[in-house]
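A.B. asks: Have a peek at data-v3.tsv (TSV, C-alpha atoms).
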chain	number	residue	atom	x	y	z
A	1	MET	CA	-0.62	-16.24	7.57
A	2	GLN	CA	0.52	-15.97	3.95
A	3	GLN	CA	3.02	-13.12	3.51
A	4	GLN	CA	0.66	-11.30	1.21
A	5	ILE	CA	-1.08	-7.93	0.72
A	6	SER	CA	-4.23	-8.23	-1.41
A	7	VAL	CA	-5.24	-4.60	-1.86
A	8	ILE	CA	-4.00	-1.08	-1.25
A	9	THR	CA	-7.01	1.23	-1.12
A	10	LEU	CA	-6.56	4.99	-1.30
A	11	GLY	CA	-9.27	7.38	-0.18
A	12	VAL	CA	-9.94	9.98	-2.89
A	13	ALA	CA	-12.05	13.13	-3.03
A	14	ASP	CA	-12.84	13.06	-6.76
A	15	LEU	CA	-12.84	9.69	-8.48
A	16	ALA	CA	-12.72	11.04	-12.05
A	17	ARG	CA	-9.75	13.29	-11.27
A	18	SER	CA	-7.90	10.40	-9.63
A	19	ARG	CA	-8.66	8.12	-12.58
A	20	ARG	CA	-7.30	10.67	-15.05
A	21	PHE	CA	-4.09	10.85	-13.06
A	22	TYR	CA	-3.51	7.08	-12.86
A	23	VAL	CA	-4.54	6.47	-16.48
A	24	GLU	CA	-2.68	9.41	-18.05
A	25	GLY	CA	0.22	9.71	-15.60
A	26	PHE	CA	1.10	6.09	-14.88
A	27	GLY	CA	-0.60	4.79	-18.02
A	28	TRP	CA	-2.52	2.17	-16.06
A	29	THR	CA	-5.83	0.56	-17.07
A	30	PRO	CA	-8.64	-0.07	-14.57
A	31	VAL	CA	-9.97	-3.61	-14.31
A	32	PHE	CA	-13.21	-2.42	-12.66
A	33	ALA	CA	-14.93	0.92	-12.06
A	34	ASN	CA	-18.23	2.13	-10.65
A	35	GLU	CA	-19.28	5.46	-9.07
A	36	GLU	CA	-17.56	4.64	-5.78
A	37	ILE	CA	-14.45	2.63	-6.51
A	38	ILE	CA	-11.92	1.85	-9.23
A	39	PHE	CA	-9.62	-1.18	-9.14
A	40	TYR	CA	-6.34	-1.58	-11.02
A	41	GLN	CA	-4.89	-5.08	-11.31
A	42	MET	CA	-1.29	-4.71	-10.19
A	43	ASN	CA	1.62	-7.15	-9.68
A	44	GLY	CA	-0.14	-9.76	-7.55
A	45	LEU	CA	-2.38	-7.32	-5.72
A	46	MET	CA	-5.01	-4.70	-6.41
A	47	LEU	CA	-4.78	-0.92	-6.20
A	48	GLY	CA	-8.16	0.54	-5.26
A	49	THR	CA	-9.20	4.19	-5.37
A	50	PHE	CA	-12.30	4.60	-3.25
A	51	LEU	CA	-14.34	7.72	-2.50
A	52	GLN	CA	-13.08	8.75	0.93
A	53	SER	CA	-16.60	8.96	2.40
A	54	SER	CA	-17.28	5.39	1.23
A	55	LEU	CA	-13.95	4.18	2.59
A	56	GLU	CA	-14.71	5.75	5.96
A	57	GLU	CA	-18.12	4.10	6.04
A	58	ASP	CA	-16.69	0.74	5.01
A	59	MET	CA	-13.93	0.78	7.62
A	60	ASN	CA	-16.22	2.27	10.26
A	61	ARG	CA	-13.85	5.13	10.98
A	62	ARG	CA	-14.44	8.80	10.28
A	63	GLY	CA	-11.97	11.65	9.96
A	64	LEU	CA	-9.20	10.08	7.89
A	65	VAL	CA	-6.56	12.68	7.07
A	66	ARG	CA	-4.20	13.38	4.19
A	67	PRO	CA	-1.28	13.25	3.79
A	68	GLY	CA	-1.11	10.03	5.79
A	69	ALA	CA	2.08	8.53	7.18
A	70	PHE	CA	2.86	6.24	4.29
A	71	THR	CA	4.18	6.15	0.76
A	72	LEU	CA	3.82	3.85	-2.18
A	73	ALA	CA	6.77	3.24	-4.48
A	74	HIS	CA	7.03	2.46	-8.16
A	75	ASN	CA	10.48	1.22	-9.12
A	76	VAL	CA	11.91	1.54	-12.60
A	77	GLU	CA	14.99	0.23	-14.39
A	78	SER	CA	17.30	3.27	-14.47
A	79	ALA	CA	17.94	6.76	-13.14
A	80	ALA	CA	16.83	8.19	-16.50
A	81	ALA	CA	13.54	6.31	-16.18
A	82	VAL	CA	13.00	7.95	-12.75
A	83	ASP	CA	13.37	11.40	-14.29
A	84	ALA	CA	11.08	10.50	-17.19
A	85	ALA	CA	8.38	9.04	-14.93
A	86	ILE	CA	8.41	12.04	-12.62
A	87	ALA	CA	8.12	14.41	-15.58
A	88	ARG	CA	5.18	12.43	-16.94
A	89	LEU	CA	3.41	12.28	-13.56
A	90	ARG	CA	3.86	16.02	-13.04
A	91	ALA	CA	2.39	16.67	-16.48
A	92	ALA	CA	-0.63	14.60	-15.38
A	93	GLY	CA	-1.16	16.61	-12.19
A	94	ALA	CA	1.32	15.30	-9.61
A	95	THR	CA	2.96	17.69	-7.13
A	96	LEU	CA	6.71	17.36	-6.71
A	97	LEU	CA	7.73	16.56	-3.11
A	98	ARG	CA	11.40	15.71	-3.62
A	99	SER	CA	13.42	16.17	-6.78
A	100	PRO	CA	15.22	12.95	-7.64
A	101	ASP	CA	18.62	12.44	-6.03
A	102	VAL	CA	20.78	9.62	-4.65
A	103	PRO	CA	19.61	8.15	-1.31
A	104	PRO	CA	22.15	6.88	1.28
A	105	PRO	CA	22.04	3.21	0.11
A	106	GLY	CA	22.59	4.25	-3.53
A	107	GLY	CA	20.30	4.17	-6.54
A	108	TYR	CA	18.15	7.20	-7.36
A	109	ARG	CA	14.70	8.38	-6.23
A	110	GLY	CA	12.25	11.23	-6.01
A	111	TYR	CA	8.78	11.71	-4.57
A	112	VAL	CA	5.55	13.13	-5.96
A	113	ALA	CA	2.02	13.40	-4.58
A	114	ASP	CA	-1.08	12.34	-6.50
A	115	PRO	CA	-4.09	14.74	-6.80
A	116	ASP	CA	-5.32	13.51	-3.37
A	117	ASP	CA	-1.92	14.14	-1.78
A	118	HIS	CA	-0.97	10.46	-1.57
A	119	ALA	CA	2.78	10.09	-1.94
A	120	TRP	CA	4.57	8.02	-4.56
A	121	GLU	CA	8.28	7.37	-4.53
A	122	ILE	CA	9.67	6.79	-8.02
A	123	ALA	CA	12.90	4.87	-7.61
A	124	TRP	CA	15.69	3.04	-9.30
A	125	ASN	CA	17.14	0.49	-6.90
A	126	PRO	CA	19.79	-1.57	-8.67
A	127	ALA	CA	19.85	-4.15	-5.84
A	128	TRP	CA	16.22	-5.19	-6.31
A	129	THR	CA	14.96	-7.21	-9.25
A	130	ILE	CA	11.69	-6.66	-11.12
A	131	ASP	CA	10.62	-9.44	-13.45
A	132	ALA	CA	8.51	-9.20	-16.61
A	133	GLN	CA	5.30	-9.66	-14.55
A	134	GLY	CA	6.34	-6.78	-12.27
A	135	LEU	CA	7.18	-9.01	-9.31
A	136	VAL	CA	9.72	-7.27	-7.11
A	137	THR	CA	12.32	-9.17	-5.09
A	138	PHE	CA	14.46	-7.76	-2.30
A	139	GLY	CA	18.23	-7.62	-2.71
A	140	LEU	CA	21.17	-5.93	-1.00
B	1	MET	CA	4.67	2.29	-17.15
B	2	GLN	CA	4.48	-1.24	-15.79
B	3	GLN	CA	1.31	-1.74	-13.74
B	4	GLN	CA	3.31	-2.38	-10.62
B	5	ILE	CA	3.74	-1.22	-7.01
B	6	SER	CA	7.20	-2.01	-5.63
B	7	VAL	CA	6.87	-0.99	-1.98
B	8	ILE	CA	4.29	0.08	0.56
B	9	THR	CA	6.07	1.97	3.32
B	10	LEU	CA	4.31	2.72	6.60
B	11	GLY	CA	5.55	5.41	8.97
B	12	VAL	CA	5.89	3.99	12.51
B	13	ALA	CA	6.61	5.56	15.88
B	14	ASP	CA	8.29	2.54	17.49
B	15	LEU	CA	10.00	0.07	15.18
B	16	ALA	CA	10.30	-2.74	17.76
B	17	ARG	CA	6.63	-2.52	18.67
B	18	SER	CA	5.64	-2.58	15.00
B	19	ARG	CA	7.92	-5.55	14.33
B	20	ARG	CA	6.38	-7.52	17.20
B	21	PHE	CA	2.94	-6.90	15.76
B	22	TYR	CA	3.78	-8.02	12.22
B	23	VAL	CA	5.85	-11.02	13.36
B	24	GLU	CA	3.51	-12.26	16.10
B	25	GLY	CA	0.19	-11.09	14.65
B	26	PHE	CA	0.55	-11.83	10.94
B	27	GLY	CA	3.38	-14.33	11.48
B	28	TRP	CA	5.56	-12.62	8.88
B	29	THR	CA	9.37	-12.73	8.72
B	30	PRO	CA	11.47	-9.66	7.87
B	31	VAL	CA	13.91	-9.94	5.00
B	32	PHE	CA	15.92	-6.92	6.23
B	33	ALA	CA	16.06	-4.82	9.38
B	34	ASN	CA	18.19	-1.99	10.75
B	35	GLU	CA	17.49	0.74	13.33
B	36	GLU	CA	15.41	2.77	10.88
B	37	ILE	CA	13.56	0.39	8.58
B	38	ILE	CA	12.30	-3.17	8.32
B	39	PHE	CA	11.35	-4.81	5.02
B	40	TYR	CA	9.07	-7.80	4.56
B	41	GLN	CA	9.16	-9.61	1.20
B	42	MET	CA	5.51	-9.85	0.17
B	43	ASN	CA	3.72	-11.19	-2.93
B	44	GLY	CA	5.68	-9.39	-5.62
B	45	LEU	CA	6.32	-6.24	-3.60
B	46	MET	CA	7.86	-5.13	-0.33
B	47	LEU	CA	6.19	-3.95	2.85
B	48	GLY	CA	8.42	-1.45	4.64
B	49	THR	CA	8.01	-0.11	8.17
B	50	PHE	CA	10.09	3.03	8.49
B	51	LEU	CA	10.55	5.36	11.47
B	52	GLN	CA	8.16	8.20	10.71
B	53	SER	CA	10.83	10.87	11.21
B	54	SER	CA	13.08	9.09	8.71
B	55	LEU	CA	10.21	8.69	6.24
B	56	GLU	CA	9.44	12.40	6.50
B	57	GLU	CA	13.07	13.26	5.88
B	58	ASP	CA	13.31	10.86	2.94
B	59	MET	CA	10.17	12.15	1.25
B	60	ASN	CA	10.97	15.76	2.12
B	61	ARG	CA	7.61	16.33	3.75
B	62	ARG	CA	6.94	16.97	7.43
B	63	GLY	CA	3.76	16.57	9.45
B	64	LEU	CA	2.41	13.27	8.15
B	65	VAL	CA	-0.69	12.29	10.10
B	66	ARG	CA	-2.31	9.07	11.24
B	67	PRO	CA	-4.78	7.60	10.52
B	68	GLY	CA	-4.26	8.38	6.87
B	69	ALA	CA	-6.90	8.02	4.16
B	70	PHE	CA	-5.98	4.49	3.08
B	71	THR	CA	-6.22	0.88	4.06
B	72	LEU	CA	-4.27	-2.25	3.27
B	73	ALA	CA	-6.09	-5.55	2.89
B	74	HIS	CA	-5.08	-9.12	3.57
B	75	ASN	CA	-7.46	-11.63	1.97
B	76	VAL	CA	-7.95	-15.14	3.26
B	77	GLU	CA	-9.77	-18.24	2.04
B	78	SER	CA	-12.92	-18.30	4.15
B	79	ALA	CA	-15.15	-16.37	6.56
B	80	ALA	CA	-13.82	-18.52	9.41
B	81	ALA	CA	-10.27	-17.53	8.47
B	82	VAL	CA	-11.27	-13.85	8.70
B	83	ASP	CA	-12.49	-14.35	12.27
B	84	ALA	CA	-9.39	-16.32	13.20
B	85	ALA	CA	-7.02	-13.74	11.70
B	86	ILE	CA	-8.74	-10.85	13.45
B	87	ALA	CA	-8.61	-12.67	16.78
B	88	ARG	CA	-4.90	-13.35	16.31
B	89	LEU	CA	-4.14	-9.75	15.31
B	90	ARG	CA	-6.07	-8.40	18.29
B	91	ALA	CA	-4.12	-10.69	20.59
B	92	ALA	CA	-0.94	-9.19	19.10
B	93	GLY	CA	-2.05	-5.60	19.76
B	94	ALA	CA	-4.43	-4.60	16.95
B	95	THR	CA	-7.41	-2.35	17.66
B	96	LEU	CA	-10.75	-3.48	16.25
B	97	LEU	CA	-12.27	-0.92	13.87
B	98	ARG	CA	-15.11	-2.97	12.37
B	99	SER	CA	-16.26	-6.41	13.51
B	100	PRO	CA	-16.45	-8.74	10.53
B	101	ASP	CA	-19.69	-8.74	8.57
B	102	VAL	CA	-20.92	-9.12	4.98
B	103	PRO	CA	-20.19	-6.15	2.68
B	104	PRO	CA	-22.64	-5.18	-0.12
B	105	PRO	CA	-20.88	-7.20	-2.86
B	106	GLY	CA	-20.82	-10.33	-0.67
B	107	GLY	CA	-17.97	-12.13	1.05
B	108	TYR	CA	-16.96	-11.22	4.60
B	109	ARG	CA	-14.63	-8.60	6.08
B	110	GLY	CA	-13.57	-6.69	9.14
B	111	TYR	CA	-11.03	-3.98	9.89
B	112	VAL	CA	-8.33	-3.59	12.52
B	113	ALA	CA	-5.63	-0.98	13.11
B	114	ASP	CA	-1.98	-1.82	13.75
B	115	PRO	CA	-0.12	-0.27	16.74
B	116	ASP	CA	0.58	2.85	14.62
B	117	ASP	CA	-3.10	3.18	13.69
B	118	HIS	CA	-2.63	1.97	10.11
B	119	ALA	CA	-5.77	0.12	8.97
B	120	TRP	CA	-5.90	-3.45	7.70
B	121	GLU	CA	-8.98	-4.99	6.17
B	122	ILE	CA	-9.10	-8.75	6.67
B	123	ALA	CA	-11.36	-10.15	3.99
B	124	TRP	CA	-12.73	-13.22	2.34
B	125	ASN	CA	-13.69	-12.36	-1.24
B	126	PRO	CA	-14.83	-15.51	-3.06
B	127	ALA	CA	-14.64	-13.76	-6.47
B	128	TRP	CA	-10.90	-13.10	-6.26
B	129	THR	CA	-8.27	-15.81	-6.56
B	130	ILE	CA	-5.09	-16.07	-4.50
B	131	ASP	CA	-2.49	-18.51	-5.76
B	132	ALA	CA	0.10	-20.45	-3.77
B	133	GLN	CA	2.60	-17.58	-4.16
B	134	GLY	CA	0.03	-15.14	-2.78
B	135	LEU	CA	-0.65	-13.47	-6.13
B	136	VAL	CA	-4.14	-11.97	-6.11
B	137	THR	CA	-6.26	-11.71	-9.26
B	138	PHE	CA	-9.39	-9.63	-9.65
B	139	GLY	CA	-12.71	-11.36	-10.34
B	140	LEU	CA	-16.41	-10.49	-10.24
Can the structure in the file be given as structure tokens, please?
C.D. replies:
Amino acid sequence: MQQQISVITLGVADLARSRRFYVEGFGWTPVFANEEIIFYQMNGLMLGTFLQSSLEEDMNRRGLVRPGAFTLAHNVESAAAVDAAIARLRAAGATLLRSPDVPPPGGYRGYVADPDDHAWEIAWNPAWTIDAQGLVTFGL
Amino acid sequence: MQQQISVITLGVADLARSRRFYVEGFGWTPVFANEEIIFYQMNGLMLGTFLQSSLEEDMNRRGLVRPGAFTLAHNVESAAAVDAAIARLRAAGATLLRSPDVPPPGGYRGYVADPDDHAWEIAWNPAWTIDAQGLVTFGL
């Protein structure tokens, strides 16, 4: 199968609150929105924010819990950009999980949680490349 | 900020078991692996599978739970390909959450869980395009 992820869908309790966070914090623009779901066109995949009750019905599984055992990451071009992004996200309602510092492999990263307690790592990883379209390529 | 997700990192209990599932079920090849983390180069972002204890230490947050309130999706080119992918993933150890059927907007989709209980939707969505590099574009 193609080495490809088409969508990341996050269960959210309050769609308007989540939208405010992603629009004001990250500065992202939805490509689609209704009363149940919002999609953001990302770098070759979609980010979806879906009312948790609707997500549970769609996946036929009740009782999803937060915070789940996962994180998303948004990489930026410098350590200063990590600090700036975390400040901006906190101003838009994010909770700080880890103040930025240097991880064992080098670079710089911190973690915040969105209003639904979904984690985001904000990282500068000098070994990985990000092109103008936002396509990220692994490097060592 | 760039409308971009760099990494999706899943917390896993047993890295070898998870690797078998992604390699044999999805047929994906890691780009990096050590005793703590495995990365797969995806369509413009990375999929990481990280020992849950290491993820919790890295994000400075203990007690992550599964199943979390999210799903990943892998889209394919036809309804028949959805059935085939779900059969292959189940043979590699996935648990069926929802047998494939037609969702309200049309298309065809089912859900499975990986060996760590992380959900994957396998979907055919005729309105969205997927190019040869696996880059997915929203459509209605």
A.B. asks: May I have the residues of chain B within 7 Å of chain A, counting all atoms listed in the file, written as a PyMOL selection string?
C.D. replies: chain B and resi 1-11+26-28+41-45+59-61+64-75+97-98+111+134-138
A.B. asks: Measure the distance from atom CA of B:Arg20 to atom CA of B:Glu77 in Å and round it to one decimal.
C.D. replies: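 Atom CA of B:Glu77 lies at a distance of 24.6 Å from atom CA of B:Arg20.
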A.B. asks: In terms of the shortest atom-to-atom distance over only C-alpha atoms, which of A:Val102, A:Ala127, A:Leu89, A:Ala84 is closest to A:Val23?
C.D. replies: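 Of the candidates, the smallest distance to A:Val23 is held by A:Leu89.
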A.B. asks: What is the distance between atom CA of A:Arg88 and atom CA of A:Arg17, in Å to one decimal?
C.D. replies: 16.0 Å
A.B. asks: In Å, rounded to a single decimal, give me how far atom CA of A:Asn125 is from atom CA of A:Ala91.
C.D. replies: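 Between atom CA of A:Ala91 and atom CA of A:Asn125 the gap is 23.9 Å.
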A.B. asks: From the options A:Pro30, A:Pro100, A:Pro115, A:Leu15, which residue's atoms come nearest to A:Ala87, counting all atoms listed in the file?
C.D. replies: A:Pro100
A.B. asks: Using all atoms listed in the file, which residue out of B:Tyr108, B:Thr95, B:Pro126, B:Asp114 lies closest to B:Asp14?
C.D. replies: B:Asp114
